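Source file: structure32.txt. Holds: compact mmCIF, C-alpha atoms.
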```
# COMPACT_ATOMS: atom_id res chain seq x y z
CA MET A 29 -52.38 -60.91 -50.53
CA ASN A 30 -53.89 -63.23 -47.97
CA THR A 31 -50.83 -65.42 -47.91
CA VAL A 32 -48.53 -62.40 -47.41
CA THR A 33 -50.72 -61.06 -44.61
CA SER A 34 -50.86 -64.42 -42.92
CA ILE A 35 -47.05 -64.77 -43.10
CA PHE A 36 -46.55 -61.33 -41.51
CA SER A 37 -49.16 -62.00 -38.86
CA ASP A 38 -47.47 -65.31 -38.02
CA ILE A 39 -44.10 -63.53 -37.70
CA SER A 40 -45.45 -60.61 -35.67
CA ALA A 41 -47.49 -62.78 -33.27
CA PRO A 42 -44.45 -64.11 -31.36
CA GLN A 43 -42.93 -60.64 -31.28
CA GLN A 44 -46.12 -59.17 -29.86
CA GLY A 45 -46.25 -61.96 -27.28
CA SER A 46 -42.67 -61.36 -26.15
CA GLU A 47 -43.32 -57.61 -25.93
CA ALA A 48 -46.41 -58.28 -23.82
CA LEU A 49 -44.42 -60.62 -21.58
CA GLN A 50 -41.64 -58.05 -21.20
CA SER A 51 -44.19 -55.33 -20.47
CA ALA A 52 -45.79 -57.54 -17.80
CA ARG A 53 -42.40 -58.17 -16.19
CA ILE A 54 -41.58 -54.46 -16.16
CA SER A 55 -44.93 -53.54 -14.61
CA GLY A 56 -44.47 -56.29 -11.99
CA GLU A 57 -41.00 -55.05 -11.12
CA SER A 58 -42.31 -51.47 -10.98
CA ALA A 59 -45.03 -52.55 -8.56
CA ASN A 60 -42.45 -54.36 -6.39
CA PHE A 61 -40.19 -51.31 -6.41
CA ALA A 62 -43.08 -49.00 -5.50
CA GLY A 63 -43.98 -51.35 -2.63
CA LEU A 64 -40.41 -51.26 -1.32
CA VAL A 65 -40.33 -47.47 -1.47
CA GLN A 66 -43.61 -47.24 0.46
CA GLN A 67 -42.32 -49.71 3.05
CA MET A 68 -39.12 -47.70 3.53
CA GLN A 69 -41.07 -44.46 3.89
CA ALA A 70 -43.36 -46.08 6.48
CA GLU A 71 -40.33 -47.32 8.45
CA LYS A 72 -38.76 -43.86 8.29
CA LYS A 73 -41.93 -42.26 9.64
CA GLN A 74 -42.07 -44.81 12.45
CA SER A 75 -38.46 -44.26 13.44
CA VAL A 76 -38.95 -40.50 13.46
CA THR A 77 -42.07 -40.63 15.61
CA ASN A 78 -40.89 -43.36 18.00
CA VAL A 79 -37.85 -41.50 19.33
CA SER A 80 -37.68 -37.75 19.69
CA SER A 81 -34.68 -35.64 20.54
CA ASP A 82 -36.39 -34.64 23.79
CA GLN A 83 -36.13 -38.25 24.93
CA ILE A 84 -32.45 -38.45 24.06
CA THR A 85 -31.12 -35.15 25.37
CA GLU A 86 -32.12 -32.24 27.50
CA ALA A 87 -33.82 -29.34 25.78
CA GLY A 88 -31.33 -27.22 23.87
CA ARG A 89 -28.48 -29.74 24.06
CA LEU A 90 -27.06 -31.75 21.18
CA ASN A 91 -26.32 -35.46 21.21
CA GLY A 92 -22.72 -35.95 22.21
CA ASP A 93 -22.44 -32.55 23.89
CA TYR A 94 -19.64 -33.06 26.38
CA ARG A 95 -19.91 -29.78 28.27
CA THR A 96 -21.39 -29.39 31.71
CA GLY A 97 -24.56 -27.40 31.36
CA PHE A 98 -26.10 -24.86 33.67
CA ASP A 99 -29.53 -26.46 33.85
CA GLY A 100 -30.44 -27.35 37.40
CA ALA A 101 -27.53 -25.36 38.82
CA PHE A 102 -29.86 -23.24 40.96
CA THR A 103 -32.83 -24.97 42.54
CA SER A 104 -33.44 -23.52 46.00
CA GLU A 105 -36.23 -21.09 46.82
CA SER A 106 -33.75 -18.33 47.66
CA ASP A 107 -32.43 -18.53 44.08
CA GLU A 108 -35.82 -17.34 42.78
CA SER A 109 -35.23 -13.87 44.23
CA ALA A 110 -31.44 -13.55 44.42
CA ARG A 111 -29.60 -10.26 44.44
CA PRO A 112 -27.22 -9.47 41.59
CA GLN A 113 -23.51 -9.88 42.19
CA GLY A 114 -20.26 -8.81 40.59
CA PHE A 115 -20.52 -6.46 37.63
CA ALA A 116 -24.32 -6.32 37.81
CA ALA A 117 -24.31 -5.33 41.49
CA ASN A 118 -21.84 -2.50 40.81
CA SER A 119 -23.93 -1.12 37.94
CA LEU A 120 -27.16 -0.82 39.94
CA PRO A 121 -28.14 2.58 41.34
CA VAL A 122 -27.32 3.07 45.02
CA HIS A 123 -30.76 4.36 45.91
CA GLY A 124 -33.94 3.14 44.31
CA THR A 125 -35.62 -0.12 43.63
CA GLN A 126 -33.68 -3.26 44.40
CA LYS A 127 -33.72 -5.61 41.44
CA THR A 128 -33.77 -9.36 41.94
CA ILE A 129 -32.83 -12.23 39.69
CA ASP A 130 -34.65 -15.52 39.23
CA LYS A 131 -31.68 -17.88 38.92
CA THR A 132 -33.97 -20.86 38.34
CA SER A 133 -35.36 -19.41 35.08
CA ARG A 134 -34.47 -20.48 31.56
CA LEU A 135 -33.39 -16.91 30.72
CA TYR A 136 -30.79 -16.95 33.50
CA GLU A 137 -29.53 -20.34 32.31
CA LYS A 138 -29.01 -18.93 28.81
CA SER A 139 -27.36 -15.83 30.31
CA LEU A 140 -24.91 -18.10 32.10
CA GLU A 141 -24.16 -19.88 28.82
CA LEU A 142 -23.42 -16.54 27.15
CA GLU A 143 -21.16 -15.49 30.02
CA SER A 144 -19.40 -18.85 29.76
CA TYR A 145 -18.84 -18.23 26.05
CA PHE A 146 -17.25 -14.83 26.79
CA VAL A 147 -15.03 -16.37 29.48
CA LYS A 148 -14.03 -19.11 26.99
CA MET A 149 -13.02 -16.43 24.47
CA MET A 150 -10.93 -14.74 27.14
CA LEU A 151 -9.24 -18.00 28.12
CA SER A 152 -8.58 -18.87 24.47
CA SER A 153 -6.87 -15.52 23.95
CA MET A 154 -4.77 -16.10 27.03
CA ARG A 155 -3.91 -19.63 25.88
CA GLN A 156 -2.60 -18.34 22.54
CA THR A 157 0.05 -16.27 24.33
CA ILE A 158 1.73 -19.39 25.71
CA ASN A 159 4.81 -20.52 23.77
CA LYS A 160 5.07 -24.30 23.52
CA ALA A 161 8.24 -26.26 22.86
CA SER A 162 6.59 -28.80 20.55
CA GLU A 163 3.72 -28.81 18.09
CA ASP A 164 0.50 -30.25 19.51
CA GLY A 165 -1.25 -33.14 17.82
CA TYR A 166 -4.82 -32.95 16.58
CA GLY A 167 -6.20 -34.99 19.48
CA GLN A 168 -4.33 -32.96 22.05
CA ARG A 169 -5.74 -29.71 20.64
CA ILE A 170 -9.29 -31.08 20.76
CA TYR A 171 -9.03 -32.32 24.33
CA GLU A 172 -7.29 -29.14 25.43
CA ASP A 173 -10.15 -27.13 23.91
CA MET A 174 -12.64 -29.32 25.79
CA LEU A 175 -10.69 -28.71 28.99
CA TYR A 176 -10.83 -24.95 28.49
CA ASP A 177 -14.59 -25.19 27.83
CA GLU A 178 -14.95 -26.84 31.21
CA TYR A 179 -12.67 -24.24 32.83
CA ALA A 180 -14.93 -21.51 31.42
CA SER A 181 -18.02 -23.27 32.71
CA GLN A 182 -16.59 -23.67 36.21
CA MET A 183 -15.33 -20.09 36.30
CA THR A 184 -18.77 -18.85 35.28
CA ARG A 185 -20.39 -20.87 38.05
CA ASN A 186 -18.01 -19.94 40.83
CA ALA A 187 -16.16 -16.69 40.09
CA GLY A 188 -19.11 -14.32 40.41
CA PHE A 189 -18.22 -12.09 37.45
CA GLY A 190 -21.83 -10.89 37.32
CA LEU A 191 -22.00 -10.69 33.55
CA ALA A 192 -24.86 -13.24 33.42
CA ASP A 193 -26.69 -11.22 36.09
CA GLN A 194 -26.33 -8.05 34.01
CA ILE A 195 -27.52 -9.83 30.87
CA TYR A 196 -30.53 -11.16 32.78
CA LEU A 197 -31.39 -7.73 34.17
CA GLU A 198 -31.19 -6.15 30.70
CA LEU A 199 -33.37 -8.81 29.07
CA ALA A 200 -35.92 -9.37 31.86
```

Whole structure, structure tokens version:
Amino acid sequence: MNTVTSIFSDISAPQQGSEALQSARISGESANFAGLVQQMQAEKKQSVTNVSSDQITEAGRLNGDYRTGFDGAFTSESDESARPQGFAANSLPVHGTQKTIDKTSRLYEKSLELESYFVKMMLSSMRQTINKASEDGYGQRIYEDMLYDEYASQMTRNAGFGLADQIYLELA
């Protein structure tokens, strides 16, 4: 029996050694992989904390936003207590308290953006009534849409519809 046991132990010893070597390689590779994962996570955390979206864009604006915004449109002291105009002025009672609008506030800026969106919808509906001789390309449609966004923004700034004033008065 001793000779049989010694033969099997001699045969199994190299197999056990190769298994141990393979196990050591696997654990070493696992440690290297875990180190790489930790390094990548640390780099991701650094990149997230080093640059914030506030440093890249204005508050509330997306990267690559091509539209002209309404922030900073009204900055004078008289804009802090302006009288409503357009639709809002017509809807106020004739006698009673005179309401004023703070055109420098964030709420008024968002009211202007909403009015601009409504004007854009109106312009888009008007644009769809135009018959064109040829089919537009994809790029032309995109740039035309951008143009109408800018038209809506400029009309909101300058036309005095008063919709943003009414929205402000309702929400303030």

Looking at all atoms listed in the file, which of A:Lys160, A:Lys127, A:Arg185, A:Lys148 is the one that sits closest to Asp173 in chain A? A:Lys148

Considering all atoms listed in the file, state which residue in the set A:Met68, A:Leu135, A:Ala180, A:Ile129 is at the smallest distance from Ser152 in chain A.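 For Ser152 in chain A, the nearest of the given residues is A:Ala180.
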
Could you list, as a PDB file with C-alpha atoms, in the frame of the given file, every residue within 10 Å of Tyr196 in chain A, counting only C-alpha atoms and ignoring same-chain residues fewer than 6 positions away?
```pdb
ATOM      1  CA  PRO A 112     -27.220  -9.470  41.590  1.00  0.00           C
ATOM      2  CA  ALA A 116     -24.320  -6.320  37.810  1.00  0.00           C
ATOM      3  CA  THR A 128     -33.770  -9.360  41.940  1.00  0.00           C
ATOM      4  CA  ILE A 129     -32.830 -12.230  39.690  1.00  0.00           C
ATOM      5  CA  ASP A 130     -34.650 -15.520  39.230  1.00  0.00           C
ATOM      6  CA  LYS A 131     -31.680 -17.880  38.920  1.00  0.00           C
ATOM      7  CA  SER A 133     -35.360 -19.410  35.080  1.00  0.00           C
ATOM      8  CA  LEU A 135     -33.390 -16.910  30.720  1.00  0.00           C
ATOM      9  CA  TYR A 136     -30.790 -16.950  33.500  1.00  0.00           C
ATOM     10  CA  GLU A 137     -29.530 -20.340  32.310  1.00  0.00           C
ATOM     11  CA  LYS A 138     -29.010 -18.930  28.810  1.00  0.00           C
ATOM     12  CA  SER A 139     -27.360 -15.830  30.310  1.00  0.00           C
ATOM     13  CA  LEU A 140     -24.910 -18.100  32.100  1.00  0.00           C
ATOM     14  CA  GLY A 190     -21.830 -10.890  37.320  1.00  0.00           C
TER      15      GLY A 190
END
```

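Using all atoms listed in the file for every distance, the candidate list A:Ala48, A:Ala59, A:Leu151, A:Leu142 yields A:Leu151 as the residue closest to Asp177 in chain A.
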
Could you tell me which of A:Asn186, A:Gln194, A:Asn118, A:Asn159 comes closest to Ala101 in chain A if we count all atoms listed in the file?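 Selected residue with least distance to Ala101 in chain A: A:Asn186.
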
Env of Ala187 in chain A: 12 Å cut, atoms = all atoms listed in the file, seq-sep filter 3 positions within chain, self excluded. Answer as a PyMOL selection string. chain A and resi 113-115+140+143-144+147+179-184+190-192

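A straight line drawn from CA of Tyr145 in chain A to CA of Tyr171 in chain A is 17.3 Å long.
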
What is the distance between CA of Gly188 in chain A and CA of Glu105 in chain A, in Å to one decimal?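 If I compute the distance from CA of Gly188 in chain A to CA of Glu105 in chain A, I get 19.5 Å.
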
Taking all atoms of range 171-189 of chain A that appear in the file, build a box with edges along x, y and z, extend it by 3 Å on every side, and state its centre and edge lengths in Å to one decimal, as JSON.
```
{"center_x": -13.8, "center_y": -22.2, "center_z": 32.4, "size_x": 19.1, "size_y": 26.2, "size_z": 22.9}
```

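Between CA of Met149 in chain A and CA of Thr132 in chain A there is a distance of 25.5 Å.
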
Compare A:Glu172, A:Asp164, A:Glu141, A:Asp107 by their minimum atom-to-atom distance to Ile195 in chain A, counting only C-alpha atoms, and give me the closest one.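 Selected residue with least distance to Ile195 in chain A: A:Glu141.
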
Out of A:Glu178, A:Gln66, A:Ser153, A:Phe61, which residue has the shortest atom-to-atom distance to Phe98 in chain A when counting all atoms listed in the file?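 Nearest candidate to Phe98 in chain A out of A:Glu178, A:Gln66, A:Ser153, A:Phe61: A:Glu178.
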